[in-house]
$ cat query.pdb   # PDB, C-alpha atoms
ATOM      1  CA  MET S   1       1.321 -16.461  20.114
ATOM      2  CA  THR S   2       2.875 -15.942  23.561
ATOM      3  CA  THR S   3       6.386 -16.315  22.135
ATOM      4  CA  ARG S   4       5.629 -13.911  19.277
ATOM      5  CA  GLY S   5       4.230 -11.363  21.717
ATOM      6  CA  ARG S   6       7.315 -11.656  23.916
ATOM      7  CA  ILE S   7       9.601 -11.101  20.934
ATOM      8  CA  ASP S   8       7.567  -8.085  19.821
ATOM      9  CA  LYS S   9       7.786  -6.553  23.298
ATOM     10  CA  ARG S  10      11.539  -7.172  23.442
ATOM     11  CA  GLU S  11      12.044  -5.474  20.069
ATOM     12  CA  ALA S  12       9.848  -2.552  21.111
ATOM     13  CA  ILE S  13      11.856  -2.126  24.316
ATOM     14  CA  LEU S  14      15.173  -2.230  22.466
ATOM     15  CA  ALA S  15      13.990   0.310  19.897
ATOM     16  CA  ALA S  16      12.759   2.653  22.608
ATOM     17  CA  ALA S  17      15.909   2.161  24.661
ATOM     18  CA  GLY S  18      18.083   3.044  21.697
ATOM     19  CA  GLU S  19      16.162   6.283  21.208
ATOM     20  CA  VAL S  20      16.151   7.258  24.882
ATOM     21  CA  PHE S  21      19.808   6.396  25.551
ATOM     22  CA  ALA S  22      20.870   8.320  22.435
ATOM     23  CA  ARG S  23      18.800  11.322  23.477
ATOM     24  CA  GLU S  24      19.514  11.381  27.212
ATOM     25  CA  GLY S  25      22.760   9.487  27.692
ATOM     26  CA  TYR S  26      23.086   6.505  29.996
ATOM     27  CA  ALA S  27      22.973   8.309  33.347
ATOM     28  CA  LEU S  28      19.855  10.389  32.644
ATOM     29  CA  ALA S  29      17.897   7.752  30.711
ATOM     30  CA  GLY S  30      15.098   6.439  32.913
ATOM     31  CA  VAL S  31      13.789   2.901  32.619
ATOM     32  CA  ASP S  32      10.313   4.296  33.237
ATOM     33  CA  VAL S  33      10.693   6.576  30.194
ATOM     34  CA  ILE S  34      11.931   3.673  28.078
ATOM     35  CA  ALA S  35       8.984   1.548  29.193
ATOM     36  CA  ALA S  36       6.518   4.330  28.374
ATOM     37  CA  GLU S  37       7.968   4.861  24.898
ATOM     38  CA  ALA S  38       7.937   1.103  24.290
ATOM     39  CA  GLY S  39       4.308   0.876  25.409
ATOM     40  CA  VAL S  40       5.012  -1.648  28.159
ATOM     41  CA  ALA S  41       4.989  -1.662  31.943
ATOM     42  CA  LYS S  42       8.259  -0.899  33.731
ATOM     43  CA  PRO S  43       8.446  -4.398  35.303
ATOM     44  CA  THR S  44       8.261  -5.846  31.768
ATOM     45  CA  VAL S  45      11.547  -4.135  30.924
ATOM     46  CA  TYR S  46      13.219  -5.765  33.934
ATOM     47  CA  ASN S  47      11.628  -9.125  33.121
ATOM     48  CA  HIS S  48      13.293  -9.055  29.712
ATOM     49  CA  PHE S  49      16.668  -7.515  30.549
ATOM     50  CA  GLY S  50      17.237  -7.726  34.290
ATOM     51  CA  ASP S  51      18.819  -4.316  34.815
ATOM     52  CA  LYS S  52      19.577  -1.014  33.116
ATOM     53  CA  GLU S  53      23.189  -1.899  32.246
ATOM     54  CA  THR S  54      22.153  -5.057  30.427
ATOM     55  CA  LEU S  55      19.440  -3.147  28.573
ATOM     56  CA  PHE S  56      21.995  -0.514  27.547
ATOM     57  CA  ARG S  57      24.414  -3.073  26.133
ATOM     58  CA  GLU S  58      21.610  -4.921  24.334
ATOM     59  CA  ALA S  59      20.329  -1.658  22.832
ATOM     60  CA  ILE S  60      23.818  -0.828  21.549
ATOM     61  CA  ALA S  61      24.105  -4.328  20.083
ATOM     62  CA  ALA S  62      20.714  -3.978  18.367
ATOM     63  CA  ASP S  63      21.757  -0.674  16.796
ATOM     64  CA  ALA S  64      25.003  -2.288  15.643
ATOM     65  CA  ASP S  65      23.019  -5.132  14.054
ATOM     66  CA  ARG S  66      20.833  -2.651  12.163
ATOM     67  CA  ALA S  67      23.886  -0.781  10.904
ATOM     68  CA  LEU S  68      25.513  -4.067   9.849
ATOM     69  CA  ALA S  69      22.528  -5.134   7.757
ATOM     70  CA  LYS S  70      22.465  -1.829   5.871
ATOM     71  CA  HIS S  71      26.213  -1.789   5.217
ATOM     72  CA  LEU S  72      26.275  -5.422   4.079
ATOM     73  CA  ALA S  73      23.481  -4.657   1.616
ATOM     74  CA  ALA S  74      25.699  -1.913   0.184
ATOM     75  CA  VAL S  75      28.834  -4.076   0.002
ATOM     76  CA  ASP S  76      26.867  -6.858  -1.670
ATOM     77  CA  ARG S  77      26.468  -4.610  -4.720
ATOM     78  CA  LEU S  78      30.195  -4.941  -5.413
ATOM     79  CA  ARG S  79      29.959  -7.765  -7.932
ATOM     80  CA  ASP S  80      32.630  -8.952 -10.367
ATOM     81  CA  GLY S  81      30.657  -8.289 -13.539
ATOM     82  CA  ASN S  82      29.728  -4.645 -12.964
ATOM     83  CA  GLU S  83      31.614  -1.554 -14.183
ATOM     84  CA  LEU S  84      34.124  -1.064 -11.384
ATOM     85  CA  ARG S  85      34.327   2.705 -10.889
ATOM     86  CA  THR S  86      30.572   3.228 -11.039
ATOM     87  CA  THR S  87      29.935   0.290  -8.736
ATOM     88  CA  LEU S  88      32.512   1.462  -6.195
ATOM     89  CA  GLU S  89      30.919   4.906  -6.257
ATOM     90  CA  ASN S  90      27.443   3.466  -5.704
ATOM     91  CA  VAL S  91      28.685   1.240  -2.889
ATOM     92  CA  GLY S  92      30.649   4.055  -1.290
ATOM     93  CA  HIS S  93      27.756   6.492  -1.477
ATOM     94  CA  HIS S  94      25.365   3.981   0.045
ATOM     95  CA  MET S  95      27.830   3.316   2.872
ATOM     96  CA  LEU S  96      28.117   7.048   3.549
ATOM     97  CA  VAL S  97      24.348   7.450   3.604
ATOM     98  CA  CYS S  98      24.229   4.704   6.244
ATOM     99  CA  HIS S  99      27.125   6.313   8.130
ATOM    100  CA  CYS S 100      25.340   9.675   8.214
ATOM    101  CA  GLU S 101      21.915   8.403   9.255
ATOM    102  CA  GLU S 102      20.698  10.073  12.420
ATOM    103  CA  ARG S 103      20.632   6.778  14.327
ATOM    104  CA  SER S 104      24.199   5.928  13.282
ATOM    105  CA  VAL S 105      25.459   9.377  14.270
ATOM    106  CA  ALA S 106      23.653   9.069  17.612
ATOM    107  CA  LEU S 107      25.226   5.660  18.198
ATOM    108  CA  ARG S 108      28.753   7.015  17.620
ATOM    109  CA  ARG S 109      28.060  10.002  19.873
ATOM    110  CA  LEU S 110      26.759   7.702  22.597
ATOM    111  CA  LEU S 111      29.791   5.437  22.309
ATOM    112  CA  ASN S 112      32.173   8.376  22.650
ATOM    113  CA  ALA S 113      30.297   9.600  25.705
ATOM    114  CA  GLU S 114      30.040   6.265  27.499
ATOM    115  CA  LEU S 115      33.232   4.369  26.630
ATOM    116  CA  GLY S 116      34.874   5.499  29.853
ATOM    117  CA  ARG S 117      32.088   3.831  31.841
ATOM    118  CA  PHE S 118      31.540   0.888  29.478
ATOM    119  CA  PRO S 119      34.836   0.125  27.661
ATOM    120  CA  ASP S 120      33.413  -3.160  26.369
ATOM    121  CA  LEU S 121      31.012  -1.252  24.101
ATOM    122  CA  ILE S 122      33.688  -0.835  21.456
ATOM    123  CA  ASP S 123      34.100  -4.619  21.300
ATOM    124  CA  ILE S 124      30.336  -5.036  20.931
ATOM    125  CA  VAL S 125      30.129  -2.567  18.051
ATOM    126  CA  ARG S 126      33.274  -3.753  16.300
ATOM    127  CA  GLY S 127      32.423  -7.413  16.693
ATOM    128  CA  ARG S 128      28.826  -7.072  15.553
ATOM    129  CA  ALA S 129      29.220  -4.421  12.858
ATOM    130  CA  ALA S 130      32.446  -2.608  11.980
ATOM    131  CA  ASP S 131      34.759  -5.620  11.702
ATOM    132  CA  ARG S 132      32.171  -7.641   9.789
ATOM    133  CA  VAL S 133      31.656  -4.835   7.268
ATOM    134  CA  THR S 134      35.418  -4.656   6.749
ATOM    135  CA  GLU S 135      35.574  -8.442   6.306
ATOM    136  CA  ALA S 136      32.731  -8.427   3.769
ATOM    137  CA  LEU S 137      34.319  -5.596   1.788
ATOM    138  CA  ALA S 138      37.720  -7.309   1.939
ATOM    139  CA  ASP S 139      36.164 -10.469   0.517
ATOM    140  CA  ARG S 140      34.703  -8.538  -2.436
ATOM    141  CA  LEU S 141      37.982  -6.739  -3.102
ATOM    142  CA  ALA S 142      39.899 -10.024  -2.974
ATOM    143  CA  ARG S 143      37.561 -11.482  -5.599
ATOM    144  CA  LEU S 144      38.076  -8.434  -7.809
ATOM    145  CA  ALA S 145      41.845  -8.763  -7.469
ATOM    146  CA  LEU S 146      41.717 -12.454  -8.359
ATOM    147  CA  ALA S 147      39.651 -11.537 -11.414
ATOM    148  CA  GLY S 148      42.385  -9.082 -12.465
ATOM    149  CA  ARG S 149      40.211  -6.025 -11.981
ATOM    150  CA  LEU S 150      42.325  -4.703  -9.126
ATOM    151  CA  ARG S 151      46.054  -4.919  -8.474
ATOM    152  CA  LYS S 152      47.403  -7.536  -6.111
ATOM    153  CA  LEU S 153      46.492  -6.290  -2.645
ATOM    154  CA  ASP S 154      46.036  -7.086   0.999
ATOM    155  CA  PRO S 155      42.215  -7.270   1.039
ATOM    156  CA  THR S 156      41.740  -6.232   4.660
ATOM    157  CA  GLU S 157      44.155  -3.336   4.375
ATOM    158  CA  ALA S 158      42.527  -2.171   1.149
ATOM    159  CA  ALA S 159      39.052  -2.392   2.713
ATOM    160  CA  GLU S 160      40.174  -0.388   5.740
ATOM    161  CA  GLN S 161      41.674   2.272   3.493
ATOM    162  CA  PHE S 162      38.565   2.515   1.312
ATOM    163  CA  ILE S 163      36.373   2.989   4.376
ATOM    164  CA  ALA S 164      38.777   5.578   5.778
ATOM    165  CA  LEU S 165      38.776   7.496   2.484
ATOM    166  CA  LEU S 166      34.993   7.697   2.764
ATOM    167  CA  THR S 167      34.397   8.340   6.441
ATOM    168  CA  GLY S 168      37.374  10.573   7.253
ATOM    169  CA  PRO S 169      36.317  13.515   5.071
ATOM    170  CA  VAL S 170      32.664  13.131   6.058
ATOM    171  CA  GLU S 171      33.506  13.264   9.748
ATOM    172  CA  ALA S 172      35.357  16.525   9.064
ATOM    173  CA  ARG S 173      32.575  17.972   6.899
ATOM    174  CA  SER S 174      29.904  16.993   9.402
ATOM    175  CA  ARG S 175      31.953  18.429  12.272
ATOM    176  CA  LEU S 176      31.887  15.064  14.007
ATOM    177  CA  GLY S 177      28.212  14.526  13.312
ATOM    178  CA  THR S 178      26.948  17.950  14.399
ATOM    179  CA  ARG S 179      26.216  19.195  10.870
ATOM    180  CA  PRO S 180      24.080  17.387   8.264
ATOM    181  CA  VAL S 181      26.043  16.703   5.088
ATOM    182  CA  PRO S 182      24.021  17.316   1.889
ATOM    183  CA  ASP S 183      23.819  14.461  -0.584
ATOM    184  CA  ASP S 184      25.818  16.323  -3.227
ATOM    185  CA  GLU S 185      28.688  16.556  -0.724
ATOM    186  CA  LEU S 186      28.412  12.843  -0.019
ATOM    187  CA  TRP S 187      28.785  12.191  -3.746
ATOM    188  CA  THR S 188      31.781  14.555  -3.922
ATOM    189  CA  VAL S 189      33.486  12.695  -1.067
ATOM    190  CA  THR S 190      32.590   9.333  -2.606
ATOM    191  CA  ARG S 191      33.989  10.154  -6.055
ATOM    192  CA  ALA S 192      37.210  11.522  -4.560
ATOM    193  CA  ALA S 193      37.577   8.403  -2.393
ATOM    194  CA  VAL S 194      37.056   6.077  -5.357
ATOM    195  CA  GLU S 195      39.492   8.069  -7.500
ATOM    196  CA  THR S 196      42.188   7.807  -4.842
ATOM    197  CA  PHE S 197      41.429   4.142  -4.221
ATOM    198  CA  LEU S 198      41.655   3.237  -7.911
ATOM    199  CA  ARG S 199      44.906   5.163  -8.305
ATOM    200  CA  ALA S 200      46.339   2.933  -5.608
ATOM    201  CA  PHE S 201      44.646  -0.376  -6.410
ATOM    202  CA  GLY S 202      43.162  -0.091  -9.872
ATOM    203  CA  GLU S 203      44.153  -2.523 -12.577
ATOM    204  CA  ALA S 204      47.656  -1.732 -13.797
ATOM    205  CA  LEU S 205      47.829  -0.495 -17.385
ATOM    206  CA  PRO S 206      49.996  -2.542 -19.752
ATOM    207  CA  VAL S 207      53.413  -1.088 -20.473
ATOM    208  CA  VAL S 208      53.657   0.316 -23.997
ATOM    209  CA  GLU S 209      57.034  -0.387 -25.604
TER     210      GLU S 209
END
$ encode --input "query.pdb" --output "structure tokens"
Amino acid sequence: MTTRGRIDKREAILAAAGEVFAREGYALAGVDVIAAEAGVAKPTVYNHFGDKETLFREAIAADADRALAKHLAAVDRLRDGNELRTTLENVGHHMLVCHCEERSVALRRLLNAELGRFPDLIDIVRGRAADRVTEALADRLARLALAGRLRKLDPTEAAEQFIALLTGPVEARSRLGTRPVPDDELWTVTRAAVETFLRAFGEALPVVE
């Protein structure tokens, strides 16, 4: 029971820290505010994390873990037996929904603001989320290529390009996360991304003599 309670308090602190850091930035975020929002005493925060810097890094890592789980659930839908275009569109749309979630936007904004002070944050986020999503997508694309449903490709390069086709236009449409993007726009971006991707990597048509 003691261990379970300690874990619950740690998770509550991390959730509150993520909210407060995203809202206030690192410099203005107070540990007392984080403790109050987590429903714990201020010394409890220090007992779990030692200092504010450690708490900040752990909160970023926790947000990255949440983003990873959602993106991997989307990529997992890319199975060999499904209709390829429709499946790519569903996967791409789900990835964009995750990308545009308020917490994900706040995480990117916080990273951009604090990278000068904490350059290691990019390694935390890439190592725990971005790179692993790319690897998972590359694995699925490699399987599709081996099954003859995509052209021969470099899986990692193809995964990076698919993600860029999705997120690049959305970053522009959202004005770097300052404007909500309606779902119909997300579908428009997704379908255009899949169309371009399949023109580059779709199964080659047989040559008609």
$ residues_near_point --input "query.pdb" --point "(36.8, -6.0, 0.9)" --cutoff "9 Å" --atoms "only C-alpha atoms" --output "PDB file with C-alpha atoms, in the coordinates of the input"
ATOM      1  CA  VAL S  75      28.834  -4.076   0.002  1.00  0.00           C
ATOM      2  CA  VAL S 133      31.656  -4.835   7.268  1.00  0.00           C
ATOM      3  CA  THR S 134      35.418  -4.656   6.749  1.00  0.00           C
ATOM      4  CA  GLU S 135      35.574  -8.442   6.306  1.00  0.00           C
ATOM      5  CA  ALA S 136      32.731  -8.427   3.769  1.00  0.00           C
ATOM      6  CA  LEU S 137      34.319  -5.596   1.788  1.00  0.00           C
ATOM      7  CA  ALA S 138      37.720  -7.309   1.939  1.00  0.00           C
ATOM      8  CA  ASP S 139      36.164 -10.469   0.517  1.00  0.00           C
ATOM      9  CA  ARG S 140      34.703  -8.538  -2.436  1.00  0.00           C
ATOM     10  CA  LEU S 141      37.982  -6.739  -3.102  1.00  0.00           C
ATOM     11  CA  ALA S 142      39.899 -10.024  -2.974  1.00  0.00           C
ATOM     12  CA  ARG S 143      37.561 -11.482  -5.599  1.00  0.00           C
ATOM     13  CA  PRO S 155      42.215  -7.270   1.039  1.00  0.00           C
ATOM     14  CA  THR S 156      41.740  -6.232   4.660  1.00  0.00           C
ATOM     15  CA  GLU S 157      44.155  -3.336   4.375  1.00  0.00           C
ATOM     16  CA  ALA S 158      42.527  -2.171   1.149  1.00  0.00           C
ATOM     17  CA  ALA S 159      39.052  -2.392   2.713  1.00  0.00           C
ATOM     18  CA  GLU S 160      40.174  -0.388   5.740  1.00  0.00           C
ATOM     19  CA  PHE S 162      38.565   2.515   1.312  1.00  0.00           C
TER      20      PHE S 162
END
$ residues_around --input "query.pdb" --residues "Gly92 of chain S" --least-positions-apart "3" --cutoff "7 Å" --atoms "all atoms listed in the file" --output "list in words"
Leu88, Glu89, Met95, Leu96, Leu166 and Thr190 of chain S
$ closest_atom_pairs --input "query.pdb" --of "segment 58-169 of chain S" --to "segment 27-40 of chain S" --cutoff "12 Å" --atoms "all atoms listed in the file" --output "tab-separated table"
residue	atom	partner	partner_atom	distance
S:Ala59	CA	S:Ile34	CA	11.2
S:Leu110	CA	S:Ala27	CA	11.4
S:Ala113	CA	S:Ala27	CA	10.7
S:Glu114	CA	S:Ala27	CA	9.4
S:Arg117	CA	S:Ala27	CA	10.3
S:Phe118	CA	S:Ala27	CA	12.0
$ resolve_selection --input "query.pdb" --expression "the PyMOL selection byres ((chain S and resi 10) around 12)" --output "list in words"
Thr3, Arg4, Gly5, Arg6, Ile7, Asp8, Lys9, Glu11, Ala12, Ile13, Leu14, Ala15, Ala16, Ala17, Ile34, Ala35, Ala38, Gly39, Val40, Thr44, Val45, Tyr46, Asn47, His48, Phe49, Leu55, Glu58, Ala59 and Ala62 of chain S
$ atom_distance --input "query.pdb" --atom1 "atom CA of Cys98 of chain S" --atom2 "atom CA of Asp131 of chain S"
15.7 Å
$ closest_residue --input "query.pdb" --among "S:Val170, S:Leu144, S:Ala22, S:Val97" --to "Glu83 of chain S" --atoms "only C-alpha atoms"
S:Leu144
$ closest_residue --input "query.pdb" --among "S:Asp51, S:Glu101, S:Asp184, S:Glu203" --to "Asp63 of chain S" --atoms "all atoms listed in the file"
S:Glu101
$ resolve_selection --input "query.pdb" --expression "the PyMOL selection byres ((chain S and resi 192) around 12)" --output "list in words"
Arg85, Leu88, Glu89, Gly92, His93, Phe162, Leu165, Leu166, Thr167, Gly168, Pro169, Val170, Glu185, Leu186, Trp187, Thr188, Val189, Thr190, Arg191, Ala193, Val194, Glu195, Thr196, Phe197, Leu198 and Arg199 of chain S
$ closest_residue --input "query.pdb" --among "S:Ala106, S:Ile122, S:Ala147, S:Leu78" --to "Thr178 of chain S" --atoms "all atoms listed in the file"
S:Ala106
$ atom_distance --input "query.pdb" --atom1 "atom CA of Arg108 of chain S" --atom2 "atom CA of Ala64 of chain S"
10.2 Å
$ atom_distance --input "query.pdb" --atom1 "atom CA of Gly202 of chain S" --atom2 "atom CA of Ala145 of chain S"
9.1 Å
$ residues_near_point --input "query.pdb" --point "(26.3, 1.7, 8.7)" --cutoff "7 Å" --atoms "only C-alpha atoms" --output "list in words"
Ala67, Leu68, Lys70, His71, Met95, Cys98, His99 and Ser104 of chain S
$ closest_residue --input "query.pdb" --among "S:Arg175, S:Lys52, S:Tyr26, S:Gly18" --to "Arg66 of chain S" --atoms "all atoms listed in the file"
S:Gly18
$ closest_residue --input "query.pdb" --among "S:Lys42, S:Leu72, S:Glu24, S:Cys100" --to "Pro182 of chain S" --atoms "all atoms listed in the file"
S:Cys100
$ closest_residue --input "query.pdb" --among "S:Val125, S:Pro43, S:Leu84, S:Arg103" --to "Ile60 of chain S" --atoms "only C-alpha atoms"
S:Val125
